[in-house]
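The data block below is input38.csv; it holds CSV, C-alpha atoms and all ligand atoms.
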chain,number,residue,atom,x,y,z
A,1,MET,CA,5.2,11.8,2.8
A,2,LYS,CA,4.5,8.1,2.8
A,3,LYS,CA,3.1,6.7,-0.4
A,4,ARG,CA,-0.5,5.6,0.0
A,5,ILE,CA,-1.1,2.2,-1.6
A,6,LEU,CA,-4.7,0.9,-2.0
A,7,ILE,CA,-4.8,-2.9,-1.9
A,8,VAL,CA,-7.9,-4.2,-3.5
A,9,GLU,CA,-7.9,-8.0,-2.8
A,10,ASP,CA,-10.7,-10.2,-1.5
A,11,GLU,CA,-8.3,-12.8,0.1
A,12,SER,CA,-7.5,-11.4,3.5
A,13,SER,CA,-4.3,-13.5,3.9
A,14,ILE,CA,-2.8,-11.9,0.7
A,15,ARG,CA,-4.1,-8.4,1.7
A,16,ASP,CA,-2.5,-8.7,5.2
A,17,MET,CA,0.8,-10.1,3.7
A,18,VAL,CA,1.0,-7.2,1.2
A,19,ALA,CA,0.0,-4.6,3.9
A,20,PHE,CA,2.8,-5.9,6.1
A,21,ALA,CA,5.4,-5.7,3.3
A,22,LEU,CA,4.3,-2.2,2.4
A,23,ARG,CA,4.6,-1.0,6.0
A,24,LYS,CA,8.1,-2.5,6.1
A,25,ALA,CA,8.9,-0.5,2.9
A,26,ASP,CA,7.7,2.7,4.6
A,27,MET,CA,4.5,2.9,2.6
A,28,GLU,CA,1.0,3.2,3.9
A,29,PRO,CA,-1.4,0.4,2.9
A,30,ILE,CA,-5.1,1.0,2.6
A,31,PRO,CA,-7.0,-2.3,2.4
A,32,ALA,CA,-10.2,-2.9,0.4
A,33,ALA,CA,-11.9,-6.2,0.0
A,34,ASP,CA,-13.9,-5.4,-3.2
A,35,ALA,CA,-14.5,-2.8,-5.8
A,36,ARG,CA,-17.1,-1.0,-3.7
A,37,GLU,CA,-14.7,-0.6,-0.8
A,38,ALA,CA,-12.0,0.6,-3.2
A,39,GLN,CA,-14.3,3.2,-4.7
A,40,LEU,CA,-15.2,4.5,-1.3
A,41,ALA,CA,-11.5,4.7,-0.3
A,42,ILE,CA,-10.7,6.6,-3.5
A,43,ALA,CA,-13.5,9.0,-3.0
A,44,THR,CA,-12.1,9.7,0.5
A,45,ALA,CA,-8.5,10.2,-0.6
A,46,VAL,CA,-6.9,9.4,-3.9
A,47,PRO,CA,-4.1,6.9,-3.3
A,48,ASP,CA,-0.6,7.1,-5.0
A,49,LEU,CA,-1.0,3.7,-6.5
A,50,ILE,CA,-3.6,0.9,-6.6
A,51,LEU,CA,-2.8,-2.8,-6.4
A,52,LEU,CA,-5.8,-4.4,-8.0
A,53,ASP,CA,-6.7,-8.1,-7.9
A,54,TRP,CA,-8.2,-9.3,-11.2
A,55,MET,CA,-10.7,-11.7,-9.7
A,56,LEU,CA,-12.9,-10.0,-7.2
A,57,PRO,CA,-16.4,-10.8,-6.0
A,58,GLY,CA,-18.9,-8.5,-7.7
A,59,MET,CA,-17.2,-6.1,-10.1
A,60,SER,CA,-13.9,-7.5,-11.4
A,61,GLY,CA,-10.6,-5.8,-11.1
A,62,LEU,CA,-10.5,-5.2,-14.8
A,63,GLU,CA,-13.9,-3.5,-14.8
A,64,LEU,CA,-12.9,-1.3,-11.9
A,65,ALA,CA,-9.7,-0.3,-13.7
A,66,ARG,CA,-11.8,0.7,-16.8
A,67,ARG,CA,-14.2,2.7,-14.7
A,68,LEU,CA,-11.4,4.5,-12.8
A,69,ARG,CA,-9.8,5.5,-16.0
A,70,LYS,CA,-13.0,7.2,-17.1
A,71,GLU,CA,-13.5,9.0,-13.8
A,72,SER,CA,-11.7,12.3,-13.0
A,73,LEU,CA,-10.6,11.0,-9.5
A,74,GLY,CA,-9.0,7.8,-10.5
A,75,ALA,CA,-7.9,8.5,-14.1
A,76,GLU,CA,-4.2,9.3,-13.3
A,77,VAL,CA,-3.6,6.8,-10.5
A,78,PRO,CA,-1.1,4.1,-11.5
A,79,ILE,CA,-2.6,0.6,-11.3
A,80,ILE,CA,-0.7,-2.7,-10.8
A,81,MET,CA,-2.9,-5.7,-11.5
A,82,LEU,CA,-2.5,-8.9,-9.5
A,83,THR,CA,-3.4,-11.9,-11.7
A,84,ALA,CA,-3.5,-15.6,-11.3
A,85,ARG,CA,-1.4,-17.6,-13.8
A,86,GLY,CA,-3.4,-18.1,-17.0
A,87,GLU,CA,-5.0,-14.7,-16.8
A,88,GLU,CA,-1.9,-13.2,-18.5
A,89,THR,CA,-3.6,-13.8,-21.9
A,90,ASP,CA,-5.9,-11.0,-21.0
A,91,ARG,CA,-3.0,-8.5,-20.9
A,92,VAL,CA,-4.2,-6.6,-23.9
A,93,ALA,CA,-7.6,-6.0,-22.2
A,94,GLY,CA,-5.7,-4.8,-19.1
A,95,LEU,CA,-3.5,-2.5,-21.1
A,96,GLU,CA,-6.5,-1.1,-22.9
A,97,ALA,CA,-8.0,-0.4,-19.5
A,98,GLY,CA,-4.9,1.6,-18.7
A,99,VAL,CA,-3.2,-0.8,-16.3
A,100,ASP,CA,0.5,0.1,-15.7
A,101,ASP,CA,1.9,-3.3,-14.8
A,102,TYR,CA,1.1,-6.9,-13.9
A,103,VAL,CA,2.3,-9.1,-11.1
A,104,VAL,CA,1.4,-12.8,-11.4
A,105,LYS,CA,0.4,-14.8,-8.3
A,106,PRO,CA,2.1,-16.3,-6.4
A,107,PHE,CA,4.5,-13.4,-6.0
A,108,SER,CA,7.2,-12.5,-3.5
A,109,THR,CA,6.4,-9.3,-1.6
A,110,ARG,CA,10.0,-8.2,-2.3
A,111,GLU,CA,9.3,-8.4,-6.0
A,112,LEU,CA,5.9,-6.6,-5.6
A,113,VAL,CA,7.5,-3.8,-3.6
A,114,ALA,CA,10.2,-3.4,-6.3
A,115,ARG,CA,7.5,-3.2,-9.0
A,116,ILE,CA,5.5,-0.7,-7.0
A,117,LYS,CA,8.6,1.5,-6.7
A,118,ALA,CA,9.4,1.2,-10.4
A,119,VAL,CA,5.8,2.2,-11.4
A,120,LEU,CA,5.8,5.1,-9.0
A,121,ARG,CA,9.2,6.4,-10.4
A,122,ARG,CA,7.9,6.0,-14.0
A,123,THR,CA,4.5,7.6,-13.5
A,124,GLN,CA,5.8,10.5,-11.5
A,125,GLY,CA,8.5,10.9,-14.1
A,126,ASP,CA,9.5,14.5,-13.3
A,127,ASP,CA,12.6,14.5,-11.0
A,128,GLY,CA,11.6,17.8,-9.5
A,129,SER,CA,13.6,20.0,-11.8
A,130,GLY,CA,10.9,19.7,-14.5
A,131,VAL,CA,13.2,17.6,-16.6
A,132,LEU,CA,11.9,14.2,-17.9
A,133,GLU,CA,14.2,11.6,-19.4
A,134,VAL,CA,13.5,8.4,-21.2
A,135,ALA,CA,16.3,6.5,-23.0
A,136,GLY,CA,18.4,9.6,-23.7
A,137,LEU,CA,15.5,11.7,-24.7
A,138,LYS,CA,15.1,14.7,-22.5
A,139,LEU,CA,12.2,17.1,-22.1
A,140,ASP,CA,12.6,20.2,-20.1
A,141,GLY,CA,9.1,21.3,-19.1
A,142,GLN,CA,10.2,24.7,-17.8
A,143,ALA,CA,12.3,25.7,-20.9
A,144,HIS,CA,9.9,23.9,-23.2
A,145,ARG,CA,12.8,22.2,-25.0
A,146,VAL,CA,13.5,18.7,-26.1
A,147,HIS,CA,17.0,17.2,-26.4
A,148,ALA,CA,18.2,14.0,-27.9
A,149,GLY,CA,21.6,13.5,-26.2
A,150,ALA,CA,23.3,16.9,-26.6
A,151,ASP,CA,21.2,18.0,-29.6
A,152,ALA,CA,18.2,20.3,-29.5
A,153,VAL,CA,15.3,18.7,-31.2
A,154,PRO,CA,13.1,21.0,-33.2
A,155,ILE,CA,9.5,20.1,-32.4
A,156,GLY,CA,6.0,21.4,-33.2
A,157,PRO,CA,3.6,22.5,-30.4
A,158,THR,CA,1.2,19.6,-30.7
A,159,GLU,CA,4.0,17.0,-31.0
A,160,TYR,CA,5.6,18.6,-27.9
A,161,ARG,CA,2.3,18.2,-25.9
A,162,LEU,CA,2.0,14.7,-27.1
A,163,LEU,CA,5.6,13.9,-26.2
A,164,HIS,CA,5.2,15.5,-22.8
A,165,PHE,CA,2.1,13.5,-22.1
A,166,PHE,CA,3.8,10.2,-23.2
A,167,MET,CA,6.9,11.0,-21.1
A,168,THR,CA,4.8,11.6,-18.0
A,169,HIS,CA,2.9,8.4,-18.6
A,170,ALA,CA,5.6,6.2,-20.0
A,171,GLU,CA,4.9,2.5,-20.6
A,172,ARG,CA,1.2,3.0,-20.4
A,173,VAL,CA,-1.0,2.4,-23.5
A,174,TYR,CA,-3.5,5.0,-24.5
A,175,SER,CA,-6.2,4.7,-27.1
A,176,ARG,CA,-6.8,7.4,-29.8
A,177,ALA,CA,-9.9,8.5,-27.9
A,178,GLN,CA,-7.9,8.9,-24.6
A,179,LEU,CA,-5.1,10.8,-26.4
A,180,LEU,CA,-7.7,13.1,-28.0
A,181,ASP,CA,-9.1,13.7,-24.5
A,182,HIS,CA,-5.8,14.4,-22.9
A,183,ILE,CA,-4.0,16.4,-25.7
A,184,TRP,CA,-6.9,18.1,-27.4
A,185,GLY,CA,-9.2,18.3,-24.5
A,186,GLY,CA,-11.8,16.0,-26.0
A,187,SER,CA,-12.7,18.5,-28.7
A,188,VAL,CA,-15.5,17.1,-30.8
A,189,TYR,CA,-14.1,18.8,-33.9
A,190,VAL,CA,-11.0,16.7,-33.9
A,191,GLU,CA,-11.1,13.2,-35.4
A,192,GLU,CA,-9.3,10.2,-34.1
A,193,ARG,CA,-7.3,10.2,-37.4
A,194,THR,CA,-5.7,13.4,-36.2
A,195,VAL,CA,-3.9,11.5,-33.5
A,196,ASP,CA,-2.3,9.2,-36.1
A,197,VAL,CA,-1.2,12.2,-38.1
A,198,HIS,CA,0.6,13.7,-35.0
A,199,ILE,CA,2.0,10.4,-33.9
A,200,ARG,CA,3.6,10.2,-37.4
A,201,ARG,CA,5.0,13.7,-37.1
A,202,LEU,CA,6.3,13.0,-33.7
A,203,ARG,CA,8.1,9.8,-35.0
A,204,LYS,CA,9.5,11.8,-37.9
A,205,THR,CA,10.8,14.4,-35.4
A,206,LEU,CA,12.6,11.8,-33.4
A,207,GLU,CA,13.8,9.8,-36.4
A,208,PRO,CA,17.2,11.5,-37.0
A,209,TRP,CA,18.3,10.3,-33.5
A,210,GLY,CA,16.9,6.9,-34.0
A,211,MET,CA,14.4,7.5,-31.2
A,212,ASP,CA,11.2,7.1,-33.2
A,213,ALA,CA,11.0,3.5,-32.0
A,214,LEU,CA,10.1,4.9,-28.5
A,215,ILE,CA,6.6,5.8,-29.8
A,216,GLN,CA,5.1,2.3,-30.2
A,217,THR,CA,1.8,1.1,-31.7
A,218,VAL,CA,0.0,-1.5,-29.6
A,219,ARG,CA,-2.2,-3.4,-31.9
A,220,GLY,CA,-5.9,-3.1,-31.1
A,221,ALA,CA,-5.2,-0.8,-28.1
A,222,GLY,CA,-3.4,2.4,-29.1
A,223,TYR,CA,0.0,4.0,-28.6
A,224,ARG,CA,2.6,4.2,-25.9
A,225,LEU,CA,6.0,5.5,-25.2
A,226,SER,CA,8.3,2.7,-24.1
A,227,SER,CA,12.1,2.3,-23.8
A,228,LYS,CA,11.6,-1.5,-24.2
A,229,PRO,CA,11.4,-2.9,-27.7
A,301,CA,CA,-9.3,-12.7,-5.8

Represent the structure of the file as structure tokens.
Amino acid sequence: MKKRILIVEDESSIRDMVAFALRKADMEPIPAADAREAQLAIATAVPDLILLDWMLPGMSGLELARRLRKESLGAEVPIIMLTARGEETDRVAGLEAGVDDYVVKPFSTRELVARIKAVLRRTQGDDGSGVLEVAGLKLDGQAHRVHAGADAVPIGPTEYRLLHFFMTHAERVYSRAQLLDHIWGGSVYVEERTVDVHIRRLRKTLEPWGMDALIQTVRGAGYRLSSKP
């Protein structure tokens, strides 16, 4: 199955150039000139990834990313933001909106395709056997077991769910509210503080193997699992 990539970009020359590169890389481009067209395309068929220009006429790319993350249709689709130089300062806003990666214009299509492949690999995580691996930490979804190198890691049920979520969404930042939603199903009886408690326990669980640093705090945004320091 070809990967379907939605290109949301108002400049037709960039849209065409990216579409051409994607076809060459055996992917299927779906062009959209603004947020409205993008939303229509997503409602028709959810793409595998969205390339989203920051500056769009009407609703901005950032606003569209925010909205998609709140909707059930677009919540899980990886997003790569296309930004002009100078907009990089808004990275935190983008991360908060759940953007997976950034590519700064002007970019080479070769670099763009490489980044798309990397994000797809990362967000799909599972290699088919149900085993996820990040930096030597392995989670076997079928056996419900976690290993650090060769050692079995004793882990509590909530920490397991938290880790599983992070490993299937590596590198992406989630706010406490989003984690509550995903891990606890948005129960109104659970406070956001609860998330901090379980993050602490998860770090403690991984500490003996020096893997607690994988669970990172992103100031003002939330938490993420990342193999990068
Ligand atoms: Ca633009």

* To do: Could you please extract the residues within 7 Å of ligand CA 301 (chain A), counting all atoms listed in the file, and hand them back as a list in words?
  =>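 For ligand CA 301 (chain A), the residues inside 7 Å are Glu9, Asp10, Glu11, Asp53, Trp54, Met55 and Leu56 of chain A.
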
* To do: Could you tell me how far atom CA of A:Ala114 lies from atom CA of A:Val134, in Å and to one decimal?
  =>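 Separation between atom CA of A:Ala114 and atom CA of A:Val134: 19.3 Å.
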
* Residue nearest A:Pro57 - candidates A:Leu22, A:Ala84, A:Ala143, A:Asp34, atoms counted: all atoms listed in the file ->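 Distance minimum relative to A:Pro57 lands on A:Asp34.
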
* **Selection: 10 Å around stretch 215-220 of chain A, all atoms listed in the file, excl. self and same-chain fewer than 6 positions, as a list in words** =>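 Using all atoms listed in the file, the neighbours found are Val92, Ala93, Leu95, Glu96, Leu163, Phe166, Ala170, Glu171, Val173, Tyr174, Ser175, Ile199, Arg200, Leu202, Arg203, Leu206, Ser226, Ser227, Lys228 and Pro229 of chain A.
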
* To do: State, in Å with one decimal place, the distance from atom CA of A:Gly58 to atom CA of A:Val99.
  =>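 So the answer is 19.5 Å.
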
What would the file be for stretch 28-65 of chain A if you keep N, CA and C atoms and write it as a short mmCIF file (atom, residue, chain, number, x, y, z; two decimals), in the first residue's frame?
data_model
loop_
_atom_site.label_atom_id
_atom_site.label_comp_id
_atom_site.auth_asym_id
_atom_site.auth_seq_id
_atom_site.Cartn_x
_atom_site.Cartn_y
_atom_site.Cartn_z
N GLU A 28 1.77 8.49 -2.39
CA GLU A 28 0.66 9.12 -3.10
C GLU A 28 0.38 10.50 -2.52
N PRO A 29 0.66 11.58 -3.29
CA PRO A 29 0.40 12.92 -2.78
C PRO A 29 -1.07 13.30 -2.92
N ILE A 30 -1.61 13.98 -1.90
CA ILE A 30 -2.96 14.53 -1.98
C ILE A 30 -2.82 16.03 -1.74
N PRO A 31 -3.03 16.85 -2.79
CA PRO A 31 -2.81 18.28 -2.63
C PRO A 31 -4.00 19.00 -2.00
N ALA A 32 -3.70 20.01 -1.16
CA ALA A 32 -4.72 20.89 -0.60
C ALA A 32 -4.13 22.29 -0.51
N ALA A 33 -4.89 23.31 -0.93
CA ALA A 33 -4.36 24.67 -0.99
C ALA A 33 -4.59 25.46 0.29
N ASP A 34 -5.48 24.98 1.14
CA ASP A 34 -5.72 25.67 2.41
C ASP A 34 -6.32 24.69 3.44
N ALA A 35 -6.59 25.21 4.63
CA ALA A 35 -7.06 24.36 5.72
C ALA A 35 -8.42 23.71 5.39
N ARG A 36 -9.26 24.47 4.70
CA ARG A 36 -10.59 23.94 4.37
C ARG A 36 -10.48 22.72 3.45
N GLU A 37 -9.66 22.88 2.41
CA GLU A 37 -9.45 21.75 1.49
C GLU A 37 -8.84 20.56 2.22
N ALA A 38 -7.94 20.87 3.16
CA ALA A 38 -7.29 19.80 3.93
C ALA A 38 -8.32 19.05 4.77
N GLN A 39 -9.20 19.80 5.42
CA GLN A 39 -10.21 19.16 6.26
C GLN A 39 -11.16 18.29 5.44
N LEU A 40 -11.49 18.78 4.23
CA LEU A 40 -12.35 17.98 3.35
C LEU A 40 -11.65 16.68 2.95
N ALA A 41 -10.35 16.81 2.62
CA ALA A 41 -9.59 15.63 2.20
C ALA A 41 -9.50 14.61 3.34
N ILE A 42 -9.30 15.11 4.56
CA ILE A 42 -9.17 14.21 5.72
C ILE A 42 -10.51 13.52 6.01
N ALA A 43 -11.59 14.28 5.83
CA ALA A 43 -12.92 13.71 6.06
C ALA A 43 -13.23 12.61 5.04
N THR A 44 -12.66 12.73 3.84
CA THR A 44 -12.87 11.73 2.80
C THR A 44 -12.07 10.47 3.09
N ALA A 45 -10.78 10.66 3.40
CA ALA A 45 -9.91 9.53 3.73
C ALA A 45 -8.73 10.05 4.55
N VAL A 46 -8.55 9.47 5.73
CA VAL A 46 -7.47 9.94 6.61
C VAL A 46 -6.12 9.56 6.00
N PRO A 47 -5.23 10.54 5.78
CA PRO A 47 -3.93 10.24 5.17
C PRO A 47 -2.98 9.58 6.18
N ASP A 48 -1.83 9.10 5.68
CA ASP A 48 -0.83 8.49 6.57
C ASP A 48 0.03 9.55 7.24
N LEU A 49 0.11 10.72 6.60
CA LEU A 49 0.92 11.81 7.15
C LEU A 49 0.46 13.12 6.51
N ILE A 50 0.63 14.22 7.25
CA ILE A 50 0.26 15.54 6.71
C ILE A 50 1.48 16.44 6.68
N LEU A 51 1.76 17.01 5.52
CA LEU A 51 2.77 18.06 5.40
C LEU A 51 2.00 19.37 5.47
N LEU A 52 2.32 20.18 6.45
CA LEU A 52 1.47 21.32 6.73
C LEU A 52 2.27 22.62 6.72
N ASP A 53 1.93 23.49 5.78
CA ASP A 53 2.59 24.79 5.71
C ASP A 53 2.10 25.65 6.88
N TRP A 54 3.02 26.35 7.50
CA TRP A 54 2.68 27.18 8.65
C TRP A 54 1.79 28.36 8.25
N MET A 55 2.24 29.08 7.19
CA MET A 55 1.51 30.28 6.75
C MET A 55 0.56 29.92 5.63
N LEU A 56 -0.72 29.90 5.95
CA LEU A 56 -1.74 29.61 4.95
C LEU A 56 -2.75 30.75 4.95
N PRO A 57 -3.39 31.00 3.83
CA PRO A 57 -4.47 32.00 3.84
C PRO A 57 -5.63 31.44 4.67
N GLY A 58 -6.29 32.29 5.42
CA GLY A 58 -7.37 31.81 6.29
C GLY A 58 -6.78 31.18 7.54
N MET A 59 -7.22 29.97 7.88
CA MET A 59 -6.73 29.31 9.08
C MET A 59 -5.27 28.92 8.91
N SER A 60 -4.42 29.27 9.90
CA SER A 60 -2.99 28.97 9.80
C SER A 60 -2.76 27.47 9.96
N GLY A 61 -1.57 27.04 9.54
CA GLY A 61 -1.20 25.64 9.68
C GLY A 61 -1.20 25.21 11.14
N LEU A 62 -0.72 26.10 12.00
CA LEU A 62 -0.65 25.78 13.43
C LEU A 62 -2.06 25.56 14.00
N GLU A 63 -2.97 26.44 13.62
CA GLU A 63 -4.34 26.32 14.10
C GLU A 63 -4.98 25.03 13.59
N LEU A 64 -4.70 24.69 12.35
CA LEU A 64 -5.24 23.45 11.79
C LEU A 64 -4.68 22.25 12.56
N ALA A 65 -3.37 22.28 12.87
CA ALA A 65 -2.76 21.18 13.63
C ALA A 65 -3.45 21.04 14.98
#
